[in-house]
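See below for my_file-v1.tsv, which holds TSV, C-alpha atoms.
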chain	number	residue	atom	x	y	z
A	9	MET	CA	69.79	75.37	100.35
A	10	LEU	CA	68.91	78.99	101.19
A	11	SER	CA	65.19	78.50	100.53
A	12	TYR	CA	65.33	75.31	102.64
A	13	LEU	CA	66.82	77.26	105.55
A	14	ALA	CA	64.37	80.14	105.11
A	15	ASN	CA	61.95	78.26	107.38
A	16	PRO	CA	62.84	79.34	110.97
A	17	LEU	CA	62.25	75.82	112.37
A	18	ARG	CA	64.60	74.27	109.83
A	19	PHE	CA	67.10	77.05	110.45
A	20	MET	CA	67.08	76.39	114.21
A	21	ARG	CA	67.62	72.65	113.62
A	22	PHE	CA	70.45	73.30	111.13
A	23	SER	CA	72.21	75.98	113.22
A	24	ARG	CA	72.13	73.83	116.35
A	25	PHE	CA	74.61	71.47	114.67
A	26	ALA	CA	76.37	74.00	112.44
A	27	VAL	CA	77.47	76.33	115.27
A	28	PRO	CA	79.76	73.88	117.15
A	29	ILE	CA	81.16	72.46	113.90
A	30	CYS	CA	81.97	75.92	112.43
A	31	PHE	CA	83.37	77.04	115.78
A	32	ALA	CA	85.67	74.03	116.26
A	33	LEU	CA	86.91	74.01	112.65
A	34	GLY	CA	87.45	77.79	112.73
A	35	VAL	CA	89.53	77.62	115.92
A	36	LEU	CA	91.62	74.74	114.52
A	37	MET	CA	92.27	76.54	111.22
A	38	ILE	CA	93.21	79.83	112.92
A	39	GLY	CA	95.51	77.91	115.29
A	40	TRP	CA	97.18	76.11	112.37
A	41	SER	CA	97.64	79.38	110.45
A	42	LEU	CA	99.17	81.15	113.46
A	43	TYR	CA	101.37	78.20	114.43
A	44	ASN	CA	102.86	78.10	110.94
A	45	GLY	CA	102.87	81.88	110.55
A	46	LEU	CA	104.61	82.57	113.85
A	47	PHE	CA	106.92	79.59	114.25
A	48	ILE	CA	107.52	77.85	110.92
A	49	VAL	CA	107.59	80.22	107.92
A	50	PRO	CA	110.83	82.17	107.38
A	51	PRO	CA	110.96	85.97	107.82
A	52	ASP	CA	110.57	88.05	104.65
A	53	ASP	CA	113.61	90.27	104.13
A	54	LEU	CA	111.79	92.52	101.64
A	55	GLN	CA	108.79	93.17	103.93
A	56	GLY	CA	110.37	94.05	107.27
A	57	GLY	CA	111.67	90.61	108.31
A	58	ASP	CA	109.62	89.12	111.13
A	59	LEU	CA	107.08	91.96	110.91
A	60	ILE	CA	105.46	90.02	108.03
A	61	ARG	CA	103.99	87.70	110.71
A	62	ALA	CA	101.50	90.45	111.63
A	63	MET	CA	99.97	89.82	108.17
A	64	PHE	CA	98.47	86.48	109.29
A	65	THR	CA	96.10	88.34	111.62
A	66	HIS	CA	95.65	91.67	109.83
A	67	VAL	CA	94.92	90.48	106.28
A	68	PRO	CA	92.26	87.82	107.13
A	69	SER	CA	90.44	90.40	109.28
A	70	ALA	CA	90.57	92.94	106.42
A	71	TRP	CA	89.25	90.43	103.85
A	72	LEU	CA	86.57	89.25	106.23
A	73	SER	CA	85.37	92.75	107.11
A	74	MET	CA	84.75	93.45	103.40
A	75	GLY	CA	83.12	90.03	102.96
A	76	LEU	CA	80.85	90.65	105.94
A	77	TYR	CA	79.79	94.02	104.56
A	78	ALA	CA	78.91	92.33	101.25
A	79	ALA	CA	76.94	89.71	103.22
A	80	LEU	CA	75.14	92.47	105.16
A	81	ALA	CA	74.18	94.18	101.90
A	82	GLY	CA	73.11	90.82	100.39
A	83	ALA	CA	70.88	89.96	103.34
A	84	SER	CA	69.43	93.50	103.31
A	85	PHE	CA	68.71	93.15	99.57
A	86	VAL	CA	66.88	89.85	100.11
A	87	TRP	CA	64.83	91.39	102.92
A	88	TYR	CA	64.09	94.56	100.95
A	89	ILE	CA	62.91	92.73	97.82
A	90	TRP	CA	61.23	89.60	99.23
A	91	ARG	CA	60.60	90.79	102.82
A	92	HIS	CA	62.01	87.56	104.18
A	93	GLU	CA	62.22	87.82	107.96
A	94	LEU	CA	65.19	85.48	108.33
A	95	ALA	CA	67.23	87.67	105.95
A	96	ASP	CA	66.58	90.61	108.27
A	97	VAL	CA	67.59	88.49	111.27
A	98	ALA	CA	70.80	87.57	109.41
A	99	ALA	CA	71.58	91.21	108.55
A	100	ARG	CA	71.07	92.20	112.16
A	101	ALA	CA	73.46	89.46	113.31
A	102	ILE	CA	76.13	90.24	110.71
A	103	ALA	CA	76.47	93.95	111.61
A	104	PRO	CA	78.15	93.67	115.06
A	105	ILE	CA	80.50	90.89	113.89
A	106	GLY	CA	81.43	92.96	110.81
A	107	ALA	CA	82.06	96.01	112.99
A	108	GLY	CA	84.26	93.90	115.28
A	109	TYR	CA	86.37	92.55	112.41
A	110	THR	CA	86.69	96.02	110.83
A	111	ALA	CA	87.88	97.38	114.19
A	112	LEU	CA	90.33	94.46	114.42
A	113	CYS	CA	91.63	95.31	110.93
A	114	PHE	CA	92.14	98.91	112.04
A	115	ILE	CA	93.84	98.14	115.35
A	116	THR	CA	96.21	95.51	113.93
A	117	GLY	CA	96.99	97.67	110.89
A	118	SER	CA	97.77	100.61	113.13
A	119	ILE	CA	100.23	98.56	115.21
A	120	TRP	CA	101.83	97.13	112.06
A	121	GLY	CA	102.03	100.61	110.50
A	122	GLN	CA	103.64	102.02	113.64
A	123	LYS	CA	106.70	99.88	112.93
A	124	GLY	CA	106.46	99.38	109.17
A	125	TRP	CA	105.67	102.96	108.15
A	126	GLY	CA	107.02	104.73	111.21
A	127	ALA	CA	103.57	106.17	111.94
A	128	GLY	CA	100.31	104.72	113.21
A	129	TRP	CA	97.13	104.97	111.17
A	130	HIS	CA	95.81	107.63	113.51
A	131	ASN	CA	98.50	109.99	112.15
A	132	LEU	CA	97.83	109.16	108.50
A	133	ILE	CA	94.13	108.59	108.17
A	134	LEU	CA	93.12	111.99	106.75
A	135	GLY	CA	93.90	112.07	103.06
A	136	ASP	CA	94.72	108.37	102.70
A	137	SER	CA	92.25	106.65	100.37
A	138	ARG	CA	92.63	103.10	101.79
A	139	LEU	CA	92.50	104.04	105.46
A	140	MET	CA	89.66	106.49	104.96
A	141	SER	CA	87.52	104.06	102.95
A	142	VAL	CA	87.95	101.37	105.63
A	143	LEU	CA	87.02	103.93	108.30
A	144	VAL	CA	83.87	104.73	106.30
A	145	MET	CA	83.02	101.00	106.32
A	146	LEU	CA	83.43	100.89	110.12
A	147	PHE	CA	81.07	103.89	110.41
A	148	LEU	CA	78.59	102.17	108.07
A	149	PHE	CA	78.53	99.09	110.31
A	150	LEU	CA	78.15	101.25	113.45
A	151	GLY	CA	75.54	103.43	111.72
A	152	TYR	CA	73.57	100.32	110.75
A	153	ILE	CA	73.56	99.11	114.39
A	154	ALA	CA	72.61	102.58	115.70
A	155	LEU	CA	69.83	103.00	113.14
A	156	ARG	CA	68.27	99.66	114.07
A	157	ALA	CA	68.29	100.63	117.73
A	158	ALA	CA	66.97	104.16	117.14
A	159	LEU	CA	63.71	103.51	115.28
A	160	GLU	CA	60.57	102.47	117.13
A	161	THR	CA	59.14	99.59	115.10
A	162	ARG	CA	61.05	96.59	113.77
A	163	GLN	CA	59.73	97.15	110.22
A	164	LYS	CA	60.77	100.81	110.09
A	165	ALA	CA	64.21	100.00	111.53
A	166	ALA	CA	64.71	97.11	109.10
A	167	ARG	CA	63.73	99.27	106.10
A	168	ALA	CA	65.95	102.23	106.98
A	169	ALA	CA	68.90	100.01	107.88
A	170	ALA	CA	68.54	97.95	104.68
A	171	ILE	CA	68.68	101.13	102.57
A	172	LEU	CA	71.81	102.27	104.44
A	173	ALA	CA	73.47	98.87	103.92
A	174	LEU	CA	72.61	98.83	100.20
A	175	VAL	CA	73.87	102.37	99.59
A	176	GLY	CA	77.06	101.62	101.53
A	177	ILE	CA	78.01	98.64	99.33
A	178	VAL	CA	79.54	101.12	96.86
A	179	ASN	CA	82.33	101.57	99.41
A	180	VAL	CA	83.54	97.94	99.17
A	181	PRO	CA	84.96	98.16	95.61
A	182	ILE	CA	86.42	101.57	96.53
A	183	ILE	CA	88.37	99.92	99.37
A	184	LYS	CA	89.59	97.25	96.97
A	185	VAL	CA	90.76	99.52	94.16
A	186	SER	CA	92.12	102.26	96.45
A	187	VAL	CA	95.54	100.57	96.68
A	188	ASP	CA	95.76	99.41	93.07
A	189	MET	CA	94.38	102.29	91.02
A	190	TRP	CA	95.00	105.29	93.27
A	191	GLN	CA	98.49	104.49	94.53
A	192	THR	CA	99.45	108.14	94.85
A	193	THR	CA	96.71	108.69	97.42
A	194	THR	CA	97.74	106.00	99.90
A	195	ILE	CA	100.78	104.82	101.82
A	196	HIS	CA	99.30	101.31	102.00
A	197	GLN	CA	101.06	98.68	99.88
A	198	GLU	CA	99.47	97.38	96.67
A	199	SER	CA	97.42	94.18	96.64
A	200	SER	CA	99.67	91.16	96.41
A	201	VAL	CA	97.04	88.42	96.07
A	202	LEU	CA	94.26	89.71	93.79
A	203	LYS	CA	95.15	92.90	91.96
A	204	ILE	CA	92.56	94.92	90.03
A	205	GLY	CA	93.88	97.57	87.62
A	206	GLY	CA	96.76	99.91	88.45
A	207	SER	CA	100.34	99.61	87.20
A	208	GLU	CA	101.67	96.51	85.46
A	209	PRO	CA	103.62	94.15	87.75
A	210	ARG	CA	107.42	94.47	87.56
A	211	GLU	CA	109.32	91.72	85.74
A	212	ASP	CA	111.11	90.72	88.95
A	213	ASP	CA	107.84	90.68	90.90
A	214	GLU	CA	107.04	87.04	91.65
A	215	GLY	CA	103.93	87.83	93.72
A	216	MET	CA	103.37	86.56	97.22
A	217	ASN	CA	105.45	83.66	98.47
A	218	PRO	CA	103.11	80.60	98.36
A	219	VAL	CA	104.20	79.68	101.90
A	220	TYR	CA	102.73	82.96	103.20
A	221	LEU	CA	99.67	82.72	100.95
A	222	GLN	CA	98.86	79.27	102.32
A	223	GLN	CA	98.85	80.54	105.93
A	224	LEU	CA	96.78	83.56	104.91
A	225	LEU	CA	94.16	81.29	103.36
A	226	TRP	CA	94.08	79.02	106.44
A	227	GLY	CA	93.62	82.11	108.63
A	228	PHE	CA	90.93	83.55	106.37
A	229	GLY	CA	89.06	80.23	106.24
A	230	GLY	CA	89.30	79.89	110.02
A	231	HIS	CA	88.06	83.40	110.74
A	232	THR	CA	85.25	82.96	108.19
A	233	LEU	CA	84.05	79.81	109.97
A	234	LEU	CA	84.39	81.45	113.39
A	235	ALA	CA	82.45	84.51	112.21
A	236	SER	CA	79.80	82.20	110.72
A	237	ALA	CA	79.43	80.45	114.09
A	238	MET	CA	79.03	83.83	115.84
A	239	ILE	CA	76.48	85.05	113.27
A	240	LEU	CA	74.46	81.83	113.58
A	241	MET	CA	74.52	82.20	117.39
A	242	LEU	CA	73.27	85.80	117.16
A	243	MET	CA	70.58	84.72	114.67
A	244	ARG	CA	69.43	82.02	117.10
A	245	ALA	CA	69.34	84.63	119.88
A	246	GLU	CA	67.20	86.90	117.68
A	247	VAL	CA	64.77	84.08	116.83
A	248	TYR	CA	64.40	83.27	120.56
A	249	THR	CA	63.84	86.99	121.30
A	250	GLN	CA	61.13	87.26	118.64
A	251	GLN	CA	59.42	84.12	119.98
A	252	ALA	CA	59.52	85.60	123.50
A	253	GLU	CA	58.02	88.87	122.25
A	254	ARG	CA	55.21	86.96	120.54
A	255	GLN	CA	54.62	85.05	123.78
A	256	ILE	CA	54.37	88.34	125.73
A	257	ALA	CA	52.02	89.83	123.10
A	258	LEU	CA	49.72	86.79	123.33
A	259	LYS	CA	49.73	87.06	127.12
A	260	LEU	CA	48.78	90.74	126.96
A	261	GLU	CA	45.93	89.93	124.59
A	262	GLY	CA	44.64	87.48	127.21
A	263	HIS	CA	45.14	84.19	125.33
B	25	MET	CA	109.42	81.20	121.95
B	26	PRO	CA	111.09	82.57	118.83
B	27	ASP	CA	113.05	85.80	119.19
B	28	TYR	CA	111.78	88.39	116.70
B	29	GLY	CA	114.11	91.11	118.02
B	30	ASN	CA	112.69	94.62	118.15
B	31	THR	CA	109.70	93.66	115.98
B	32	GLY	CA	108.53	91.10	118.57
B	33	ILE	CA	106.37	93.55	120.51
B	34	TYR	CA	104.48	94.48	117.31
B	35	VAL	CA	104.04	90.90	116.07
B	36	TRP	CA	102.84	89.59	119.46
B	37	SER	CA	100.56	92.59	120.08
B	38	VAL	CA	98.84	92.07	116.72
B	39	THR	CA	98.53	88.32	117.32
B	40	ILE	CA	97.15	88.65	120.87
B	41	ILE	CA	94.61	91.31	119.87
B	42	GLY	CA	93.72	89.19	116.82
B	43	LEU	CA	92.85	86.31	119.14
B	44	ALA	CA	91.32	88.32	122.01
B	45	LEU	CA	88.81	90.36	120.01
B	46	PRO	CA	87.21	87.41	118.12
B	47	ALA	CA	87.24	85.39	121.38
B	48	MET	CA	85.41	88.26	123.12
B	49	MET	CA	82.85	88.49	120.29
B	50	ALA	CA	82.30	84.72	120.40
B	51	GLY	CA	81.86	84.84	124.20
B	52	LEU	CA	79.33	87.68	123.98
B	53	SER	CA	77.40	85.87	121.22
B	54	LEU	CA	77.28	82.74	123.37
B	55	ILE	CA	76.02	84.69	126.41
B	56	LYS	CA	73.39	86.43	124.27
B	57	VAL	CA	71.99	83.19	122.83
B	58	HIS	CA	71.85	81.56	126.28
B	59	LEU	CA	70.11	84.56	127.86
B	60	SER	CA	67.53	84.77	125.04
B	61	LYS	CA	66.82	81.04	125.28
B	62	ALA	CA	66.51	81.20	129.09
B	63	ARG	CA	64.06	84.14	128.81
B	64	LEU	CA	61.87	82.27	126.33
B	65	GLU	CA	61.85	79.13	128.48
B	66	ARG	CA	60.95	81.16	131.58
B	67	LEU	CA	58.02	82.76	129.73
B	68	LYS	CA	56.81	79.34	128.55
B	69	GLN	CA	57.04	77.95	132.10
B	70	GLU	CA	55.09	80.93	133.45
B	71	ASP	CA	52.43	80.30	130.80
B	72	ASP	CA	52.19	76.61	131.66
B	73	ALA	CA	51.96	77.28	135.42
Let me see whether you can do it: turn the structure in this file into C-alpha cells.
Amino acid sequence: MLSYLANPLRFMRFSRFAVPICFALGVLMIGWSLYNGLFIVPPDDLQGGDLIRAMFTHVPSAWLSMGLYAALAGASFVWYIWRHELADVAARAIAPIGAGYTALCFITGSIWGQKGWGAGWHNLILGDSRLMSVLVMLFLFLGYIALRAALETRQKAARAAAILALVGIVNVPIIKVSVDMWQTTTIHQESSVLKIGGSEPREDDEGMNPVYLQQLLWGFGGHTLLASAMILMLMRAEVYTQQAERQIALKLEGH
Amino acid sequence: MPDYGNTGIYVWSVTIIGLALPAMMAGLSLIKVHLSKARLERLKQEDDA
C-alpha cells in the first residue's frame, strides 16, 4: 500500500477521495464520543464527578500527539534511509498538526488540573516528569517546523529536521513511562488503559469503566481520522507548491 | 443542557477548546491546499497564454 502511494500521481488520486471520507468519519466519531461523554455516561465519583468528562477531549489529544510524533519520526526515517520525497512531504505535513494536538493536550490538561489538582500546569511544570516530557515534545515539534523554515535549501532542511525528529523519538517512551515508573516525580495520575511497569494494581482496582473507555476510543479514532485528513490536505498543498516551483524554474530557464 | 455544577465551566471550556483548535487547524489546512492549487493553476494558465 505504502509503495503504491509513493508515486505522487497515485497519492494525489488517492488523497482526493480519502480527505473528505476521513474528515466526515472523523467529525461523526468525535461528535458521537462527545455526545455520549457529555450527556449519557454517568459521572465518576472517584475521579471528581462530572470533571471526568474533560477526559474525552484531553486523553485522545494526548494519545494522538504521541502517535503523531512517532509518525513524524517514521516518515523522517523513511526519507533519511531511502530519500523518498513523499516521506519528507508527509513529515513536513505532520509537524504542525502534531504541534497543534500537543498544545491542545497542554491547554485542556491545564484547565482540568486547575480544578482537579487545585493548580494549573503552569504552576507545576518544573520538576514534574510527565508535564516536562510533554513540553519537550511540543518544543521538538516547534523546533522541527522552525528548522525547516530556517535552512536555505530543501535538502539541507529535510536532512537536519529528520535528524532532530529521529533523536527526539526517545522522548515518546519517556512520556509513556513517566506516570507508571516514576510516580514520585509527577502529580499526574497513573495510566488506566495501558500500563507499563510501575507498582502492581490494587486488588480493588477494576481498571477504567468500559463505558468511559468506549467513548475514549471513539474520540481517539475520530481525532485520528480528522488529523489524517488535515495531514493529507497539507501534503496535497506541498505537492502543488513543489509543482509550482518546478514550473517557475522551467520558466526562468526559458523553456 | 446538563447541569455539572461548579465543574461545568471546566468541562465546557475543555470541550469547546477541544473542538475549536482542531476546527481551526482543519480550516487553515483547507485554505492552504486551495491557495497552493490556485497558484499552480495560475502559473499553468500564464504558461499556456
Could you pull the residues within 12 Å of Phe85 of chain A, counting all atoms listed in the file, minus those fewer than 2 positions along the same chain, as a list in words?
->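 So, after excluding close chain neighbours, the residues are Ala78, Ala79, Leu80, Ala81, Gly82, Ala83, Trp87, Tyr88, Ile89, Trp90, Arg91, His92, Glu93, Ala95, Asp96, Ala98, Ala99, Ala166, Arg167, Ala169, Ala170, Ile171, Leu172, Ala173, Leu174, Val175 and Ile177 of chain A.
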Which polymer residues have any atom within 12 Å of an atom of Met25 of chain B, counting all atoms listed in the file, with same-chain residues fewer than 5 positions away left out, as a ChimeraX atom specification?
-> /A:43,46-48 /B:32,36
Residues of chain A no more than 7 Å from chain B, counting all atoms listed in the file: send them over as a list of chain:residue names.
-> A:Phe47, A:Asp58, A:Leu59, A:Arg61, A:Ala62, A:Thr65, A:Leu112, A:Thr116, A:Ile119, A:Trp120, A:Met238, A:Met241, A:Leu242, A:Arg244, A:Ala245, A:Tyr248, A:Thr249, A:Ala252
Between atom CA of Asp52 of chain A and atom CA of Gly121 of chain A, what is the distance, to one decimal in Å?
->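 Atom CA of Gly121 of chain A lies at a distance of 16.3 Å from atom CA of Asp52 of chain A.
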Separation of atom CA of Phe149 of chain A from atom CA of Tyr77 of chain A, in Å and rounded to one decimal =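 Spanning atom CA of Phe149 of chain A to atom CA of Tyr77 of chain A is a straight-line distance of 7.8 Å.
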Between atom CA of Lys184 of chain A and atom CA of Ser69 of chain A, measure the distance and give it in Å to one decimal.
->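 These two atoms are separated by 14.1 Å.
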Extract, using only C-alpha atoms, all DNA, RNA and protein residues at most 9 Å from Leu234 of chain A, discarding same-chain residues fewer than 6 positions from it, and format them as number ranges by chain.
-> A: 27, 30-35, 38; B: 46, 50
Store the residues picked out above, limited to C-alpha atoms, as a PDB file, in the frame of the given file.
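Done, and the output landed in result-v8.pdb:
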ATOM      1  CA  VAL A  27      77.470  76.330 115.270  1.00  0.00           C
ATOM      2  CA  CYS A  30      81.970  75.920 112.430  1.00  0.00           C
ATOM      3  CA  PHE A  31      83.370  77.040 115.780  1.00  0.00           C
ATOM      4  CA  ALA A  32      85.670  74.030 116.260  1.00  0.00           C
ATOM      5  CA  LEU A  33      86.910  74.010 112.650  1.00  0.00           C
ATOM      6  CA  GLY A  34      87.450  77.790 112.730  1.00  0.00           C
ATOM      7  CA  VAL A  35      89.530  77.620 115.920  1.00  0.00           C
ATOM      8  CA  ILE A  38      93.210  79.830 112.920  1.00  0.00           C
TER       9      ILE A  38
ATOM     10  CA  PRO B  46      87.210  87.410 118.120  1.00  0.00           C
ATOM     11  CA  ALA B  50      82.300  84.720 120.400  1.00  0.00           C
TER      12      ALA B  50
END
Nearest to Asn44 of chain A, chosen from A:Phe64, A:Gly117, A:Leu94, A:Arg21, with only C-alpha atoms counted in the distances | A:Phe64
